[in-house]
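Asker: What follows is data_0.cif; its format and atoms are mmCIF, C-alpha atoms.
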data_upload
loop_
_atom_site.label_atom_id
_atom_site.label_comp_id
_atom_site.auth_asym_id
_atom_site.auth_seq_id
_atom_site.Cartn_x
_atom_site.Cartn_y
_atom_site.Cartn_z
CA MET A 1 56.68 -81.88 -226.91
CA LEU A 2 59.35 -79.19 -227.19
CA LEU A 3 59.33 -78.74 -223.41
CA VAL A 4 59.87 -82.49 -222.88
CA LEU A 5 62.82 -82.43 -225.29
CA ILE A 6 64.41 -79.44 -223.55
CA LEU A 7 63.93 -81.00 -220.10
CA SER A 8 65.40 -84.29 -221.34
CA ILE A 9 68.51 -82.53 -222.67
CA VAL A 10 68.93 -80.56 -219.44
CA GLN A 11 68.48 -83.74 -217.36
CA MET A 12 71.07 -85.63 -219.43
CA GLY A 13 73.55 -82.79 -219.02
CA TRP A 14 72.91 -82.64 -215.28
CA ALA A 15 73.30 -86.41 -214.85
CA TYR A 16 76.54 -86.37 -216.84
CA SER A 17 78.02 -83.51 -214.82
CA GLN A 18 77.30 -85.31 -211.52
CA ASP A 19 79.75 -88.12 -212.42
CA GLN A 20 82.44 -85.99 -214.00
CA GLN A 21 86.06 -87.03 -213.40
CA TRP A 22 89.31 -85.62 -214.62
CA PRO A 23 90.82 -87.58 -217.50
CA LEU A 24 93.23 -90.41 -216.86
CA HIS A 25 96.69 -89.18 -217.88
CA THR A 26 99.40 -91.57 -219.10
CA VAL A 27 102.82 -90.38 -218.01
CA CYS A 28 104.86 -93.38 -219.05
CA ASN A 29 104.09 -96.42 -221.17
CA SER A 30 106.82 -98.94 -221.98
CA ASP A 31 107.15 -102.70 -222.15
CA LYS A 32 108.15 -102.84 -218.48
CA LEU A 33 106.38 -99.88 -216.86
CA THR A 34 103.09 -98.02 -217.23
CA VAL A 35 102.40 -94.92 -215.11
CA THR A 36 98.97 -93.27 -215.11
CA TYR A 37 97.36 -90.71 -212.83
CA ARG A 38 94.15 -88.80 -212.27
CA SER A 39 93.46 -85.75 -210.16
CA CYS A 40 91.09 -86.60 -207.31
CA ASP A 41 90.37 -82.92 -206.67
CA PRO A 42 86.91 -82.23 -208.13
CA LEU A 43 87.79 -78.61 -208.97
CA GLN A 44 91.28 -78.83 -210.44
CA ASP A 45 93.45 -81.07 -212.57
CA VAL A 46 97.18 -81.42 -212.01
CA GLY A 47 99.92 -81.61 -214.65
CA PHE A 48 102.69 -84.17 -214.11
CA THR A 49 105.58 -85.44 -216.23
CA PHE A 50 108.12 -88.15 -215.56
CA LEU A 51 111.07 -88.44 -217.97
CA PRO A 52 112.49 -90.65 -219.25
CA CYS A 53 110.12 -93.61 -219.10
CA PRO A 54 112.50 -96.12 -217.48
CA GLU A 55 112.62 -99.88 -217.81
CA ARG A 56 113.50 -99.98 -214.09
CA LEU A 57 113.51 -97.33 -211.41
CA THR A 58 117.23 -96.69 -211.66
CA GLY A 59 119.19 -93.78 -212.99
CA LEU A 60 118.31 -90.11 -213.17
CA MET A 61 114.65 -89.20 -213.72
CA LYS A 62 113.19 -85.73 -214.14
CA ILE A 63 109.86 -84.92 -212.53
CA ARG A 64 107.64 -81.88 -213.11
CA LEU A 65 104.38 -81.09 -211.32
CA ALA A 66 102.22 -78.05 -212.10
CA PHE A 67 98.93 -76.64 -210.79
CA ILE A 68 97.25 -73.31 -210.06
CA LEU A 69 96.73 -72.36 -206.43
CA ARG A 70 93.14 -71.90 -205.33
CA GLN A 71 94.29 -70.88 -201.84
CA SER A 72 97.49 -69.39 -200.44
CA ILE A 73 100.10 -71.66 -198.88
CA ASP A 74 101.88 -70.21 -195.90
CA GLU A 75 101.95 -73.73 -194.50
CA PHE A 76 101.80 -76.79 -196.72
CA TYR A 77 101.46 -80.44 -195.68
CA SER A 78 101.62 -83.58 -197.80
CA SER A 79 100.32 -87.07 -197.19
CA LEU A 80 101.62 -89.95 -199.31
CA GLU A 81 100.37 -93.52 -199.31
CA LEU A 82 101.83 -96.35 -201.41
CA LEU A 83 100.08 -99.67 -201.88
CA LEU A 84 101.43 -102.78 -203.64
CA ASN A 85 98.69 -105.06 -204.93
CA ASN A 86 96.28 -103.32 -202.49
CA VAL A 87 98.55 -103.84 -199.46
CA ASN A 88 99.87 -100.71 -197.74
CA VAL A 89 103.68 -100.67 -197.99
CA PHE A 90 104.53 -97.03 -197.24
CA ASN A 91 102.97 -93.97 -195.58
CA ARG A 92 104.52 -90.57 -195.15
CA ASN A 93 103.04 -87.34 -193.77
CA GLU A 94 105.38 -84.41 -194.09
CA PRO A 95 105.28 -80.63 -193.70
CA LEU A 96 106.65 -79.01 -196.86
CA CYS A 97 106.28 -75.39 -195.78
CA LEU A 98 106.25 -74.16 -192.20
CA PRO A 99 106.36 -70.62 -190.80
CA HIS A 100 109.97 -69.43 -190.81
CA PHE A 101 111.07 -72.65 -192.56
CA PRO A 102 110.31 -72.49 -196.30
CA ARG A 103 111.82 -75.67 -197.74
CA PHE A 104 110.68 -74.90 -201.29
CA THR A 105 110.46 -71.80 -203.47
CA PHE A 106 106.66 -72.06 -203.69
CA CYS A 107 106.25 -71.61 -199.91
CA GLY A 108 104.35 -68.38 -199.31
CA SER A 109 102.73 -68.44 -202.76
CA ARG A 110 99.36 -66.76 -203.14
CA ARG A 111 96.04 -67.75 -204.61
CA GLY A 112 96.02 -67.72 -208.43
CA GLU A 113 99.74 -68.35 -208.84
CA LEU A 114 100.98 -71.18 -211.04
CA ILE A 115 103.09 -73.60 -209.02
CA THR A 116 105.66 -75.68 -210.89
CA LEU A 117 107.93 -78.15 -209.19
CA ASP A 118 110.93 -79.32 -211.20
CA SER A 119 113.08 -81.96 -209.62
CA SER A 120 115.53 -84.66 -210.52
CA PHE A 121 115.32 -88.00 -208.81
CA GLN A 122 118.20 -90.47 -208.59
CA SER A 123 116.82 -93.86 -207.60
CA LYS A 124 119.05 -96.49 -206.11
CA LEU A 125 116.27 -99.05 -206.27
CA ASN A 126 117.39 -101.91 -208.49
CA LEU A 127 114.86 -104.56 -207.60
CA PRO A 128 112.97 -106.65 -210.13
CA LEU A 129 109.63 -104.96 -209.40
CA LYS A 130 106.39 -106.55 -210.54
CA GLY A 131 102.82 -105.69 -209.73
CA HIS A 132 100.42 -102.78 -209.37
CA PHE A 133 101.56 -99.93 -207.17
CA TYR A 134 98.94 -97.35 -206.19
CA LEU A 135 100.14 -93.95 -205.05
CA ASN A 136 97.78 -91.51 -203.32
CA LEU A 137 99.05 -87.98 -202.70
CA HIS A 138 97.09 -85.29 -200.85
CA ALA A 139 98.35 -81.82 -200.01
CA ILE A 140 96.63 -79.28 -197.75
CA ASN A 141 97.40 -75.77 -196.57
CA GLN A 142 97.37 -74.21 -193.09
CA ASP A 143 93.56 -73.95 -193.14
CA GLY A 144 93.03 -77.62 -194.07
CA PHE A 145 92.08 -76.62 -197.64
CA GLN A 146 92.96 -79.26 -200.23
CA ILE A 147 95.61 -77.82 -202.55
CA ALA A 148 96.29 -80.91 -204.68
CA CYS A 149 95.11 -84.50 -204.82
CA VAL A 150 96.45 -87.19 -207.16
CA ASN A 151 95.87 -90.92 -207.50
CA ALA A 152 98.53 -92.67 -209.57
CA THR A 153 99.08 -96.25 -210.71
CA LEU A 154 102.47 -97.74 -211.52
CA PHE A 155 102.27 -101.12 -213.22
CA PHE A 156 105.51 -103.08 -213.48
CA GLN A 157 105.38 -106.09 -215.81
#
Please, can you express the file's structure as C-alpha cells?
Answerer:
Amino acid sequence: MLLVLILSIVQMGWAYSQDQQWPLHTVCNSDKLTVTYRSCDPLQDVGFTFLPCPERLTGLMKIRLAFILRQSIDEFYSSLELLLNNVNVFNRNEPLCLPHFPRFTFCGSRRGELITLDSSFQSKLNLPLKGHFYLNLHAINQDGFQIACVNATLFFQ
C-alpha cells in the first residue's frame, strides 16, 4: 500500500511538471488597457515593465526588459509579430547585434550575465484602438539558440 501511495505521488508530480508554464504577468491594468505577457521559453522567464499604464498609446512610456543569458550573444536577431483580433497586421525581423555593429550595450554579452534593457518610447499613435492585440517576440543568437521568447496580449476596451 505504501508503494502505491509513493508511486501515485511521484506520478502526480511528473504529470504536473509536463504541463508547466510560466505565470501570466500583468503589466498594465486600467479601464482602457490591459497588458499581460507570458514567457514562451520553457527554461526561463522574462521580466518586463511598462510605465505608466496609459489610457491611450500616446505620450512618453518607459519600458524595461530583464533576463539572464543562457548563451552568449555575439549576434542577436529578433522576430516580432503583431496580430489584431487574430489577423496579422505587422511583422518585423531585425538584427539587433551584428559583428562590428553593436547597436546596443548588451551586444557581446556572455552566458550568465543579466541583461536589462531600459528604454523610453514616445508614441505618436493617437487612434481610438479597440480589440485584442497579440504580440509574439522571439530572439535568437548567432547559433540559432533561443535567447528570449514572449507572448503578450494588449486588450483595448
Asker: Separation of atom CA of A:Leu43 and atom CA of A:Trp22, in Å?
Answerer: 9.1 Å
Asker: Applying the PyMOL selection byres ((chain A and resi 148) around 7) to the file I just gave you, which residues come out? Please list them as a PDB file with C-alpha atoms, keeping the file's coordinate frame.
Answerer:
ATOM      1  CA  ASP A  41      90.370 -82.920-206.670  1.00  0.00           C
ATOM      2  CA  HIS A 138      97.090 -85.290-200.850  1.00  0.00           C
ATOM      3  CA  ALA A 139      98.350 -81.820-200.010  1.00  0.00           C
ATOM      4  CA  GLN A 146      92.960 -79.260-200.230  1.00  0.00           C
ATOM      5  CA  ILE A 147      95.610 -77.820-202.550  1.00  0.00           C
ATOM      6  CA  CYS A 149      95.110 -84.500-204.820  1.00  0.00           C
ATOM      7  CA  VAL A 150      96.450 -87.190-207.160  1.00  0.00           C
TER       8      VAL A 150
END
Asker: Name every residue that the PyMOL selection byres ((chain A and resi 153-156) around 10) selects in this structure, writing the answer as an MDAnalysis selection string with chains first and numbers rising.
Answerer: chainID A and resid 26:38 55:56 82:85 128:136 151:152 157
Asker: May I have the selected residues written with C-alpha atoms, as a tab-separated table (two decimals), in the coordinates of the input?
Answerer:
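New file selection-v1.tsv:
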chain	number	residue	atom	x	y	z
A	26	THR	CA	99.40	-91.57	-219.10
A	27	VAL	CA	102.82	-90.38	-218.01
A	28	CYS	CA	104.86	-93.38	-219.05
A	29	ASN	CA	104.09	-96.42	-221.17
A	30	SER	CA	106.82	-98.94	-221.98
A	31	ASP	CA	107.15	-102.70	-222.15
A	32	LYS	CA	108.15	-102.84	-218.48
A	33	LEU	CA	106.38	-99.88	-216.86
A	34	THR	CA	103.09	-98.02	-217.23
A	35	VAL	CA	102.40	-94.92	-215.11
A	36	THR	CA	98.97	-93.27	-215.11
A	37	TYR	CA	97.36	-90.71	-212.83
A	38	ARG	CA	94.15	-88.80	-212.27
A	55	GLU	CA	112.62	-99.88	-217.81
A	56	ARG	CA	113.50	-99.98	-214.09
A	82	LEU	CA	101.83	-96.35	-201.41
A	83	LEU	CA	100.08	-99.67	-201.88
A	84	LEU	CA	101.43	-102.78	-203.64
A	85	ASN	CA	98.69	-105.06	-204.93
A	128	PRO	CA	112.97	-106.65	-210.13
A	129	LEU	CA	109.63	-104.96	-209.40
A	130	LYS	CA	106.39	-106.55	-210.54
A	131	GLY	CA	102.82	-105.69	-209.73
A	132	HIS	CA	100.42	-102.78	-209.37
A	133	PHE	CA	101.56	-99.93	-207.17
A	134	TYR	CA	98.94	-97.35	-206.19
A	135	LEU	CA	100.14	-93.95	-205.05
A	136	ASN	CA	97.78	-91.51	-203.32
A	151	ASN	CA	95.87	-90.92	-207.50
A	152	ALA	CA	98.53	-92.67	-209.57
A	157	GLN	CA	105.38	-106.09	-215.81
Asker: Got a sec to resolve the PyMOL selection byres ((chain A and resi 104) around 12) on this structure and send the residues as a compact mmCIF listing (two decimals) with C-alpha atoms, in the frame of the given file?
Answerer:
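Dumped everything to part_21.txt:
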# COMPACT_ATOMS: atom_id res chain seq x y z
CA ILE A 73 100.10 -71.66 -198.88
CA ASP A 74 101.88 -70.21 -195.90
CA GLU A 75 101.95 -73.73 -194.50
CA PHE A 76 101.80 -76.79 -196.72
CA PRO A 95 105.28 -80.63 -193.70
CA LEU A 96 106.65 -79.01 -196.86
CA CYS A 97 106.28 -75.39 -195.78
CA LEU A 98 106.25 -74.16 -192.20
CA HIS A 100 109.97 -69.43 -190.81
CA PHE A 101 111.07 -72.65 -192.56
CA PRO A 102 110.31 -72.49 -196.30
CA ARG A 103 111.82 -75.67 -197.74
CA THR A 105 110.46 -71.80 -203.47
CA PHE A 106 106.66 -72.06 -203.69
CA CYS A 107 106.25 -71.61 -199.91
CA GLY A 108 104.35 -68.38 -199.31
CA SER A 109 102.73 -68.44 -202.76
CA ILE A 115 103.09 -73.60 -209.02
CA THR A 116 105.66 -75.68 -210.89
CA LEU A 117 107.93 -78.15 -209.19
CA ASP A 118 110.93 -79.32 -211.20
CA SER A 119 113.08 -81.96 -209.62
Asker: Could you state the separation of atom CA of A:Tyr77 and atom CA of A:Gln142 in Å, given to one decimal place?
Answerer: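 Atom CA of A:Gln142 lies at a distance of 7.9 Å from atom CA of A:Tyr77.
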Asker: Between atom CA of A:Cys53 and atom CA of A:His25, measure the distance and give it in Å to one decimal.
Answerer: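 According to the coordinates, atom CA of A:Cys53 and atom CA of A:His25 are separated by 14.2 Å.
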Asker: Using all atoms listed in the file, which protein or nucleic acid residues come within 8 Å of stretch 111-114 of chain A? Drop anything in the same chain fewer than 3 positions from it, and give the result as a list in words.
Answerer: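 The contact residues come out as Ala66, Phe67, Ile68, Leu69, Arg70, Gln71 and Ser72 of chain A.
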Asker: Taking only C-alpha atoms into account, name the residue in A:Pro23, A:Pro99, A:Asn141, A:Glu94 that is nearest to A:Val46.
Answerer: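 Smallest separation from A:Val46 among the options: A:Pro23.
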